[in-house]
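Step one of this worksheet: look at the structure below.
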Amino acid sequence: MATTQREGSLEAPTRHPLGQNEPDFYDEGKLYAELERVFDICHGCRRCVSLCNAFPTLFDLVDESDTMEVDGVAKEDYMKVVEHCYLCDLCYLTKCPYVPPHEWNVDFPHLMLRAKAFHYKQGQAKLRDKVITSTDAVGKLASIPIVVNVVNAVNRNKHTRALLEDSLGIDARARLPEYHSDTLSKRTRSHRPDPSRARPTDATTGKVAIFGTCYGEYNEPHLGEDLIAVFEHNGIPTMVIPNTRCCGMPKLELGNLDAVEELKNHNIPLMAKLVDEGWDIISPVPSCTLQFKQELPLMYPEDPQVARVQQAMFDPFEYLMLRHKAGELNTDFRNSVGKVAYHVACHQRVQRIGMKTRELLQLIENTEVEAIERCSGHDGTYAVKKEFHDVSMKILRPVANRVKKAEADVYTSDCPMAGHHIAEGLGDGSDAIHPITLLRRAYGI
């Protein structure tokens with residue numbers, strides 16, 4: 001029988017540790033019992049039906065079952081729901097009334113993560129998914145001079161893309177990121193910040209270390225350059241942290257928690273050392289920022305280095321608006337950026353910092369910002385998979401329609417991959433411009 005509907009909690013959501021090292025975490029019977037319990041609650045509520053395809057998949061399974069309840073759904077079909085969850089976290093933080101501290105203790109994204117981890121431990125992950133989440137290895141190989149030209153040519157050619165679709169299941173229509181041999185590390189190697197110029201405020205140390213991200217390193221290195229230019233223009237000594245690896249979010253979404261721990265063990269000591277030396281940390285990709293702000297602290301709640309990095313981690317526009325609050329932001333903008341259609345990335349929304357990007361862009365004279373608070377459906381890997389690409393485009397459609405309706409001069413998203421996915425949905429030859437690039441243009445630097 002479906003769970004009787006009850007009033008949700010009015011208290012602020014809290015989050016329990018993931019508990020991946022607890023003995024019951026990988027217990028199949030207990031996992032499937034918890035999936036059935038939560039699926040039953042979701043079936044009785046259905047508030048999240050419009051967020052992603054995990055919920056419509058669940059409700060279709062229920063409605064088409066013999067009992068029209070969760071107990072009529074075959075256990076082997078549960079993974080059909082799990083595979084559509086890309087851990088955007090919007091159900092947890094914007095829709096679900098039964099999250100902790102409510103007694104029903106529903107954490108749908110982390111339950112899906114637990115199921116993904118169990119699935120991975122059982123050796124059921126696809127080769128394709130292992131490859132496309134190995135962003136460091138792929139990036140290093142694809143960015144080798146000469147090789148990079150071949151990779152980019154393959155990714156643009158419809159015939160080779162058809163082969164990729166047949167062999168790996170990477171949708172031939174999906175836009176794949178371009179690679180650069182002139183990586184962010186190479187471009188910023190000679191940059192030497194002067195920490196003595198830092199002007200601390202109550203909330204910031206006034207000097208920033210950029211976690212460049214694997215995407216920023218190999219695919220869009222100009223984002224790191226733009227960050228340095230904007231922050232240095234604001235009198236903030238800025239550096240790129242050397243020798244970092246992927247934040248681990250792609251492996252987290254795959255369910256490969258051992259790989260997440262390996263990456264954590266590499267990155268966190270590097271970052272914690274800088275924090276101890278007085279540096280704040282930012283990242284140009286919201287998912288990477290969230291990994292250090294939320295996911296790793298929930299996986300390793302007793303790790304003091306993880307906690308120190310969490311406290312020092314900022315979204316770039318969150319950081320700049322904190323500087324503005326303290327009277328330290330340079331507001332001498334030379335150029336307007338016009339009307340901006342601004343897609344608010346999911347992994348930025350769930351950081352609970354507010355729309356700092358919109359707030360800052362609206363400080364620019366003759367600039368209007370229209371915010372679009374809806375998932376783009378990209379996720380980094382979800383949209384490029386053959387079996388999910390059409391669904392991702394369906395999720396994207398309301399966002400693309402809002403961009404069209406806005407008739408803006410430019411459209412943007414803090415998530416560069418979401419921005420390019422919107423461009424794919426528009427299909428008019430235009431492309432998104434990252435907000436930090438817009439800000440650099442406004443400064444005229």
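Chains: A, B, ... in order of the structure tokens. Residues: from 1 per chain. Ligands: from 1, in order shown.
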* Skipping near chain neighbours, those fewer than 3 positions away, what residues fall within 8 Å of Gly206 of chain A using only C-alpha atoms, listed as a PyMOL selection string? -> chain A and resi 198-201+236-237+279-280
* Asked: Skipping near chain neighbours, those fewer than 3 positions away, what residues fall within 8 Å of Thr135 of chain A using only C-alpha atoms, listed as a list in words?
  -> Val131, Ile132, Val138, Gly139, Cys214, Tyr215, Cys246 and Pro250 of chain A
* Asked: Can you tell me, as a PyMOL selection string, what residues are no more than 12 Å from Ser413 of chain A when counting only C-alpha atoms, ignoring any on the same chain fewer than 6 positions away?
  -> chain A and resi 284-286+340-349+355+357-358+369-376+399+403+419-423+431-438
* So which residues of segment 218-440 of chain A fall under alpha helix (DSSP H) by DSSP, listed as a ChimeraX atom specification? -> /A:218,222-233,249-254,257-276,286-290,296-299,304-312,316-325,346-349,356-361,389-406,416-426,435-440
* Which of these, A:Val260, A:Val350, A:Ala203, A:Val82, has the shortest distance to Met321 of chain A once you count only C-alpha atoms? ->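 The answer is A:Ala203, which sits nearest to Met321 of chain A.
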* Restricting the calculation to only C-alpha atoms, which member of A:Pro97, A:Gly338, A:Pro221, A:Gly19 is positioned closest to Cys45 of chain A? ->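 Ranking A:Pro97, A:Gly338, A:Pro221, A:Gly19 by distance to Cys45 of chain A, first place goes to A:Pro97.
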Closest atom pairs, segment 244-330 of chain A residues within 10 Å of segment 227-230 of chain A, only C-alpha atoms, as a tab-separated table:
```
residue	atom	partner	partner_atom	distance
A:Ile282	CA	A:Leu227	CA	9.4
A:Ser283	CA	A:Leu227	CA	9.2
A:Pro284	CA	A:Leu227	CA	7.8
A:Pro316	CA	A:Leu227	CA	8.1
A:Leu320	CA	A:Val230	CA	9.6
A:Asn330	CA	A:Val230	CA	9.5
```
For the residues in that selection, give me N, CA and C atoms as a PDB file, in the first residue's frame.
```pdb
ATOM      1  N   ILE A 282      38.597  28.979  -5.020  1.00  0.00           N
ATOM      2  CA  ILE A 282      37.427  29.052  -5.891  1.00  0.00           C
ATOM      3  C   ILE A 282      37.601  28.057  -7.038  1.00  0.00           C
ATOM      4  N   SER A 283      36.498  27.808  -7.732  1.00  0.00           N
ATOM      5  CA  SER A 283      36.505  26.913  -8.889  1.00  0.00           C
ATOM      6  C   SER A 283      35.566  27.492  -9.942  1.00  0.00           C
ATOM      7  N   PRO A 284      35.916  27.395 -11.232  1.00  0.00           N
ATOM      8  CA  PRO A 284      35.062  27.959 -12.270  1.00  0.00           C
ATOM      9  C   PRO A 284      33.874  27.086 -12.641  1.00  0.00           C
ATOM     10  N   PRO A 316      32.885  31.650  -7.447  1.00  0.00           N
ATOM     11  CA  PRO A 316      33.559  32.906  -7.795  1.00  0.00           C
ATOM     12  C   PRO A 316      32.708  34.151  -7.563  1.00  0.00           C
ATOM     13  N   LEU A 320      33.104  37.369  -4.984  1.00  0.00           N
ATOM     14  CA  LEU A 320      33.155  38.765  -5.417  1.00  0.00           C
ATOM     15  C   LEU A 320      32.069  39.596  -4.733  1.00  0.00           C
ATOM     16  N   ASN A 330      35.656  46.351  -7.322  1.00  0.00           N
ATOM     17  CA  ASN A 330      35.833  47.390  -8.329  1.00  0.00           C
ATOM     18  C   ASN A 330      34.562  47.448  -9.179  1.00  0.00           C
TER      19      ASN A 330
END
```
* Quote the spacing between atom CA of Arg114 of chain A and atom CA of Met299 of chain A in Å to one decimal place. =>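 Result for atom CA of Arg114 of chain A versus atom CA of Met299 of chain A: 11.6 Å, one decimal.
Every residue of segment 113-254 of chain A found in strand (DSSP E or B) when DSSP is run on the backbone appears here: Ile170, Val208, Ala209, Ile210, Thr238, Met239 and Val240 of chain A.
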For the selection just defined, write its residues with C-alpha atoms to a file, as a PDB file, in the first residue's frame.
```pdb
ATOM      1  CA  ILE A 170      28.140   8.203 -27.238  1.00  0.00           C
ATOM      2  CA  VAL A 208      42.611  33.289  -3.965  1.00  0.00           C
ATOM      3  CA  ALA A 209      43.823  29.927  -5.242  1.00  0.00           C
ATOM      4  CA  ILE A 210      41.904  28.555  -8.232  1.00  0.00           C
ATOM      5  CA  THR A 238      45.246  34.966  -7.575  1.00  0.00           C
ATOM      6  CA  MET A 239      47.005  31.726  -8.475  1.00  0.00           C
ATOM      7  CA  VAL A 240      46.119  28.386 -10.091  1.00  0.00           C
TER       8      VAL A 240
END
```
* Atom-to-atom span, atom CA of Gly212 of chain A and atom CA of Asn267 of chain A, Å -> 11.6 Å
* Asked: By how many Å are atom CA of Glu387 of chain A and atom CA of Ala174 of chain A apart?
  ->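 Atom CA of Glu387 of chain A sits 11.5 Å away from atom CA of Ala174 of chain A.
For the choices A:Leu163, A:Val81, A:Val147, A:Met112, the atom-to-atom distance to Leu252 of chain A is smallest for A:Met112 when using only C-alpha atoms.
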* Proximity to Gly380 of chain A - best of A:Leu90, A:Met79, A:Met249, A:Leu168, only C-alpha atoms ->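 Checking each of A:Leu90, A:Met79, A:Met249, A:Leu168 against Gly380 of chain A, counting only C-alpha atoms, the winner is A:Met249.
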